[in-house]
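What follows is input.txt (compact mmCIF, C-alpha atoms).
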```txt
# COMPACT_ATOMS: atom_id res chain seq x y z
CA HIS A 1 15.12 -0.05 -18.27
CA ILE A 2 14.53 3.67 -18.72
CA TYR A 3 17.56 3.73 -21.05
CA ILE A 4 17.03 0.45 -22.90
CA ASN A 5 16.57 2.23 -26.26
CA PHE A 6 19.88 4.07 -25.89
CA LEU A 7 21.73 1.03 -24.57
CA SER A 8 20.56 -1.16 -27.45
CA GLN A 9 21.79 1.40 -29.98
CA TYR A 10 25.14 1.96 -28.30
CA PHE A 11 25.89 -1.68 -27.39
CA LYS A 12 24.88 -3.53 -30.54
CA ASN A 13 25.36 -7.07 -29.19
CA MET A 14 24.54 -6.55 -25.55
CA LYS A 15 22.64 -9.14 -23.57
CA TYR A 16 20.07 -7.72 -21.19
CA ILE A 17 18.75 -9.61 -18.17
CA PHE A 18 15.58 -7.98 -16.88
CA VAL A 19 14.59 -9.09 -13.39
CA ILE A 20 11.01 -8.32 -12.43
CA ARG A 21 9.40 -8.58 -9.01
CA ASN A 22 5.70 -9.06 -8.34
CA GLY A 23 3.91 -5.73 -8.71
CA LEU A 24 1.77 -6.36 -5.66
CA GLU A 25 4.92 -6.63 -3.56
CA MET A 26 6.18 -3.39 -5.08
CA ALA A 27 2.85 -1.65 -4.50
CA PHE A 28 3.26 -2.06 -0.74
CA SER A 29 6.99 -1.32 -0.61
CA SER A 30 8.17 1.66 1.40
CA ASN A 31 10.55 2.43 -1.47
CA GLN A 32 8.51 4.41 -3.97
CA ASN A 33 11.45 6.20 -5.59
CA GLN A 34 10.76 4.93 -9.11
CA LEU A 35 7.14 6.04 -8.99
CA ILE A 36 8.14 9.45 -7.64
CA LYS A 37 10.98 9.96 -10.13
CA TRP A 38 9.52 8.37 -13.24
CA GLY A 39 5.74 8.21 -12.75
CA HIS A 40 5.28 11.35 -14.85
CA LEU A 41 6.46 9.37 -17.89
CA TYR A 42 3.20 7.42 -17.66
CA ASN A 43 1.07 10.31 -16.41
CA ILE A 44 0.94 8.77 -12.93
CA THR A 45 1.07 10.97 -9.86
CA PRO A 46 0.67 9.36 -6.43
CA SER A 47 -2.15 10.86 -4.38
CA THR A 48 -0.23 10.35 -1.12
CA LYS A 49 3.31 9.41 -0.10
CA VAL A 50 2.24 5.77 -0.13
CA ASP A 51 -0.25 5.03 -2.91
CA PRO A 52 -0.41 1.29 -3.72
CA LYS A 53 -2.83 1.78 -6.64
CA ALA A 54 -0.52 4.33 -8.32
CA SER A 55 2.50 2.19 -7.51
CA LEU A 56 0.96 -0.91 -9.12
CA ARG A 57 -0.07 1.11 -12.15
CA TYR A 58 3.47 2.46 -12.51
CA TRP A 59 4.93 -1.05 -12.03
CA TYR A 60 2.78 -2.41 -14.82
CA GLU A 61 3.33 0.44 -17.29
CA ALA A 62 7.10 0.62 -16.75
CA ASN A 63 7.70 -3.13 -16.80
CA ASN A 64 5.34 -3.82 -19.68
CA ARG A 65 7.12 -1.13 -21.71
CA ALA A 66 10.56 -2.47 -20.83
CA ILE A 67 9.60 -6.03 -21.76
CA LYS A 68 8.04 -4.99 -25.08
CA ILE A 69 10.99 -2.80 -26.04
CA GLY A 70 13.53 -5.35 -24.82
CA ARG A 71 11.98 -8.13 -26.87
CA GLN A 72 11.53 -5.89 -29.91
CA LEU A 73 15.02 -4.40 -29.94
CA LEU A 74 17.13 -7.16 -28.45
CA LYS A 75 15.17 -10.24 -29.50
CA HIS A 76 17.17 -13.31 -28.37
CA ASN A 77 19.52 -11.05 -26.36
CA PHE A 78 16.75 -10.20 -23.88
CA LEU A 79 16.02 -12.48 -20.92
CA LEU A 80 13.17 -11.98 -18.49
CA ILE A 81 13.70 -13.39 -15.00
CA ASN A 82 10.84 -13.58 -12.52
CA TYR A 83 12.32 -12.62 -9.13
CA ASN A 84 9.85 -14.79 -7.24
CA ASP A 85 10.83 -17.80 -9.39
CA LEU A 86 14.49 -17.01 -8.74
CA CYS A 87 13.84 -17.08 -4.99
CA ALA A 88 11.74 -20.26 -5.18
CA ASN A 89 14.02 -22.22 -7.51
CA PRO A 90 17.39 -20.49 -7.86
CA LYS A 91 19.12 -23.38 -9.63
CA ARG A 92 16.56 -23.44 -12.43
CA GLU A 93 16.71 -19.67 -12.94
CA ILE A 94 20.51 -19.59 -12.75
CA ASN A 95 20.60 -22.31 -15.41
CA LYS A 96 18.41 -20.09 -17.62
CA ILE A 97 20.94 -17.30 -17.17
CA ILE A 98 23.86 -19.61 -17.93
CA ASN A 99 22.17 -20.77 -21.13
CA PHE A 100 21.28 -17.21 -22.10
CA LEU A 101 24.86 -16.02 -21.62
CA GLY A 102 26.29 -19.05 -23.40
CA LEU A 103 28.59 -19.90 -20.50
CA ALA A 104 30.41 -23.20 -20.26
CA ARG A 105 28.70 -25.15 -17.48
CA ALA A 106 32.04 -26.54 -16.32
CA ASN A 107 33.11 -22.99 -15.45
CA VAL A 108 30.03 -22.16 -13.36
CA ASN A 109 29.31 -23.41 -9.85
CA VAL A 110 25.51 -23.41 -9.88
CA GLU A 111 25.31 -24.67 -6.30
CA LYS A 112 27.44 -21.80 -5.03
CA LEU A 113 25.45 -19.22 -7.00
CA ALA A 114 22.13 -20.70 -5.85
CA ALA A 115 23.27 -20.44 -2.24
CA ILE A 116 23.66 -16.67 -2.67
CA VAL A 117 19.94 -16.28 -3.40
CA GLN A 118 18.17 -15.50 -0.14
CA PRO A 119 14.49 -14.60 -0.38
CA PRO A 120 13.80 -11.35 1.47
CA ILE A 121 11.29 -11.22 4.31
CA SER A 122 9.25 -8.91 2.10
CA LEU A 123 8.57 -11.71 -0.39
CA TYR A 124 4.77 -12.06 -0.63
CA ARG A 125 4.28 -9.06 1.67
CA TYR A 126 1.13 -8.18 -0.26
CA LYS A 127 -0.65 -11.10 1.45
CA ASP A 128 -0.60 -9.02 4.65
CA TYR A 129 -2.63 -6.21 3.04
CA ASP A 130 -6.19 -5.63 1.99
CA LEU A 131 -6.17 -6.26 -1.75
CA SER A 132 -9.76 -5.10 -2.24
CA ILE A 133 -8.37 -1.71 -3.33
CA PHE A 134 -7.35 -3.38 -6.61
CA THR A 135 -9.62 -4.28 -9.50
CA LYS A 136 -9.82 -7.45 -11.56
CA SER A 137 -8.01 -5.51 -14.29
CA ASP A 138 -5.16 -4.75 -11.85
CA PHE A 139 -4.82 -8.45 -11.01
CA ASP A 140 -4.98 -9.35 -14.71
CA LYS A 141 -2.01 -7.04 -15.35
CA VAL A 142 -0.02 -8.72 -12.58
CA ARG A 143 -0.80 -12.10 -14.12
CA LYS A 144 0.02 -10.84 -17.62
CA LEU A 145 3.57 -10.07 -16.47
CA GLY A 146 3.99 -13.59 -15.09
CA PHE A 147 2.84 -13.60 -11.47
CA ASN A 148 0.26 -15.68 -9.66
CA ILE A 149 -1.87 -14.10 -6.99
```
Using structure tokens, write down the structure from this file.
Amino acid sequence: HIYINFLSQYFKNMKYIFVIRNGLEMAFSSNQNQLIKWGHLYNITPSTKVDPKASLRYWYEANNRAIKIGRQLLKHNFLLINYNDLCANPKREINKIINFLGLARANVNVEKLAAIVQPPISLYRYKDYDLSIFTKSDFDKVRKLGFNI
């Protein structure tokens, strides 16, 4: 998503599927590479090696930007997929992707594709943490990008 502007200019008719995971799950992930590498783009610097507040802020800023730019530049060629929805109901989300790509249903084995989707053990990991470090505004941003808390 960092290069979505360039990609949309270079590939005029590209279709872009943007998969987004719940920011609260990402805030407590041990993988903070995106925040470390790209946080400066949003003036976000983690205060420690693991900084859930900074991580959630980065998640929101980066994903909100990508969604806005994707919709603006690609219009109907941009599809947003909620990772948690994909894990909960893979057939429904795979059907969205099939429709988006304009694939012939007869050529796609939805059952086989749905069987590939295996929710990770880290799904809903945020429920194991103290969420009082976040504000109502933080939770509103998570909801704004399509996630229930």
Checklist entry - Out of A:Ala66, A:Ile2, A:Leu145, A:Arg21, which residue has the shortest atom-to-atom distance to Lys37 in chain A when counting only C-alpha atoms? => result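 Smallest separation from Lys37 in chain A among the options: A:Ile2.
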Checklist entry - Could you work out how far CA of Asn22 in chain A lies from CA of Lys144 in chain A, giving the answer in Å with one decimal? => result 11.0 Å
Item to check | Test item: residues at most 10 Å from Tyr42 in chain A, all atoms listed in the file, excluding those fewer than 2 positions along its chain, as number ranges by chain | outcome: A: 35, 38-40, 44-45, 57-58, 61-62
Checklist entry - Counting all atoms listed in the file, which of A:Ile121, A:Gln32, A:Ser8, A:Ala88 gets nearest to Pro52 in chain A? => result A:Gln32
Next on the checklist: Just want the 12 Å neighbourhood of Ala115 in chain A, counted on all atoms listed in the file, with same-chain residues fewer than 2 positions away dropped. Output as a ChimeraX atom specification.
Outcome noted: /A:86-91,94,109-113,117-119
Just the selected residues (C-alpha atoms), exported as a PDB file, in the coordinates of the input, please.
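After the write, out_6.pdb holds the following:
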```pdb
ATOM      1  CA  LEU A  86      14.490 -17.010  -8.740  1.00  0.00           C
ATOM      2  CA  CYS A  87      13.840 -17.080  -4.990  1.00  0.00           C
ATOM      3  CA  ALA A  88      11.740 -20.260  -5.180  1.00  0.00           C
ATOM      4  CA  ASN A  89      14.020 -22.220  -7.510  1.00  0.00           C
ATOM      5  CA  PRO A  90      17.390 -20.490  -7.860  1.00  0.00           C
ATOM      6  CA  LYS A  91      19.120 -23.380  -9.630  1.00  0.00           C
ATOM      7  CA  ILE A  94      20.510 -19.590 -12.750  1.00  0.00           C
ATOM      8  CA  ASN A 109      29.310 -23.410  -9.850  1.00  0.00           C
ATOM      9  CA  VAL A 110      25.510 -23.410  -9.880  1.00  0.00           C
ATOM     10  CA  GLU A 111      25.310 -24.670  -6.300  1.00  0.00           C
ATOM     11  CA  LYS A 112      27.440 -21.800  -5.030  1.00  0.00           C
ATOM     12  CA  LEU A 113      25.450 -19.220  -7.000  1.00  0.00           C
ATOM     13  CA  VAL A 117      19.940 -16.280  -3.400  1.00  0.00           C
ATOM     14  CA  GLN A 118      18.170 -15.500  -0.140  1.00  0.00           C
ATOM     15  CA  PRO A 119      14.490 -14.600  -0.380  1.00  0.00           C
TER      16      PRO A 119
END
```
Checklist entry - Contacts of Asn13 in chain A at 12 Å or less, counting only C-alpha atoms, minus same-chain residues fewer than 2 places along, as JSON, numbers by chain? => result {"A": [7, 8, 9, 10, 11, 15, 16, 73, 74, 75, 76, 77, 78, 101]}
Item to check | Between CA of Phe100 in chain A and CA of Leu24 in chain A, distance in Å (one decimal) | outcome: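 That distance, rounded to one decimal, is 27.7 Å.
Rounded to one decimal, CA of Ile20 in chain A and CA of Arg143 in chain A lie 12.5 Å from each other.
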Next on the checklist: Given only C-alpha atoms as the basis, pick out the residue of A:Leu80, A:Leu103, A:Ile116, A:Val108 nearest to Ile17 in chain A.
Outcome noted: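 Using only C-alpha atoms, Ile17 in chain A sits closest to A:Leu80.
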Checklist entry - For Asp140 in chain A, which of A:Asp51, A:Glu93, A:Ser30, A:Gly23 is the closest residue, counting only C-alpha atoms? => result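 Distance minimum relative to Asp140 in chain A lands on A:Gly23.
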Checklist entry - What's the 8 Å shell around Glu25 in chain A, counting all atoms listed in the file, without same-chain residues fewer than 6 positions away, as number ranges by chain? => result A: 122-126
Have range 44-55 of chain A completed to all heavy atoms, please, and pass it along as a CSV table (one decimal), in the coordinates of the input.
```csv
chain,number,residue,atom,x,y,z
A,44,ILE,N,1.4,9.3,-14.2
A,44,ILE,CA,0.9,8.8,-12.9
A,44,ILE,C,1.5,9.6,-11.8
A,44,ILE,O,2.7,9.8,-11.7
A,44,ILE,CB,1.4,7.3,-12.7
A,44,ILE,CG1,0.9,6.4,-13.9
A,44,ILE,CG2,1.0,6.8,-11.4
A,44,ILE,CD1,1.5,5.0,-13.9
A,45,THR,N,0.7,10.2,-11.0
A,45,THR,CA,1.1,11.0,-9.9
A,45,THR,C,0.4,10.4,-8.6
A,45,THR,O,-0.8,10.2,-8.5
A,45,THR,CB,0.6,12.4,-10.0
A,45,THR,OG1,1.1,12.9,-11.3
A,45,THR,CG2,1.1,13.3,-8.9
A,46,PRO,N,1.2,9.9,-7.6
A,46,PRO,CA,0.7,9.4,-6.4
A,46,PRO,C,-0.2,10.4,-5.7
A,46,PRO,O,0.2,11.6,-5.6
A,46,PRO,CB,1.9,8.9,-5.6
A,46,PRO,CG,3.1,9.6,-6.2
A,46,PRO,CD,2.7,10.0,-7.6
A,47,SER,N,-1.3,9.9,-5.1
A,47,SER,CA,-2.2,10.9,-4.4
A,47,SER,C,-1.6,11.1,-3.0
A,47,SER,O,-2.0,12.2,-2.4
A,47,SER,CB,-3.6,10.3,-4.3
A,47,SER,OG,-3.6,9.1,-3.7
A,48,THR,N,-0.8,10.2,-2.4
A,48,THR,CA,-0.2,10.4,-1.1
A,48,THR,C,1.2,9.8,-1.2
A,48,THR,O,1.6,9.2,-2.2
A,48,THR,CB,-1.0,9.6,0.0
A,48,THR,OG1,-1.0,8.2,-0.4
A,48,THR,CG2,-2.4,10.1,0.1
A,49,LYS,N,1.9,9.9,-0.1
A,49,LYS,CA,3.3,9.4,-0.1
A,49,LYS,C,3.3,7.9,-0.4
A,49,LYS,O,4.2,7.4,-1.1
A,49,LYS,CB,4.0,9.7,1.2
A,49,LYS,CG,5.4,9.4,1.2
A,49,LYS,CD,6.1,9.9,2.5
A,49,LYS,CE,7.6,9.6,2.4
A,49,LYS,NZ,8.3,10.2,3.5
A,50,VAL,N,2.4,7.2,0.2
A,50,VAL,CA,2.2,5.8,-0.1
A,50,VAL,C,0.9,5.6,-0.8
A,50,VAL,O,-0.2,5.8,-0.2
A,50,VAL,CB,2.3,4.9,1.2
A,50,VAL,CG1,2.1,3.5,0.9
A,50,VAL,CG2,3.6,5.1,1.9
A,51,ASP,N,0.9,5.2,-2.1
A,51,ASP,CA,-0.2,5.0,-2.9
A,51,ASP,C,-0.1,3.7,-3.7
A,51,ASP,O,0.4,3.7,-4.8
A,51,ASP,CB,-0.4,6.2,-3.9
A,51,ASP,CG,-1.6,6.2,-4.7
A,51,ASP,OD1,-2.3,5.2,-4.8
A,51,ASP,OD2,-2.0,7.3,-5.3
A,52,PRO,N,-0.6,2.6,-3.1
A,52,PRO,CA,-0.4,1.3,-3.7
A,52,PRO,C,-1.0,1.2,-5.1
A,52,PRO,O,-0.5,0.6,-6.0
A,52,PRO,CB,-1.1,0.3,-2.8
A,52,PRO,CG,-1.0,1.0,-1.4
A,52,PRO,CD,-1.2,2.5,-1.7
A,53,LYS,N,-2.2,1.8,-5.3
A,53,LYS,CA,-2.8,1.8,-6.6
A,53,LYS,C,-1.9,2.4,-7.7
A,53,LYS,O,-1.7,1.9,-8.8
A,53,LYS,CB,-4.2,2.5,-6.6
A,53,LYS,CG,-5.2,1.8,-5.8
A,53,LYS,CD,-6.2,0.9,-6.5
A,53,LYS,CE,-6.8,1.4,-7.7
A,53,LYS,NZ,-7.4,0.3,-8.6
A,54,ALA,N,-1.4,3.6,-7.4
A,54,ALA,CA,-0.5,4.3,-8.3
A,54,ALA,C,0.8,3.5,-8.5
A,54,ALA,O,1.3,3.5,-9.6
A,54,ALA,CB,-0.2,5.7,-7.8
A,55,SER,N,1.3,3.0,-7.4
A,55,SER,CA,2.5,2.2,-7.5
A,55,SER,C,2.3,1.0,-8.4
A,55,SER,O,3.2,0.7,-9.2
A,55,SER,CB,2.9,1.8,-6.1
A,55,SER,OG,4.1,1.0,-6.2
```
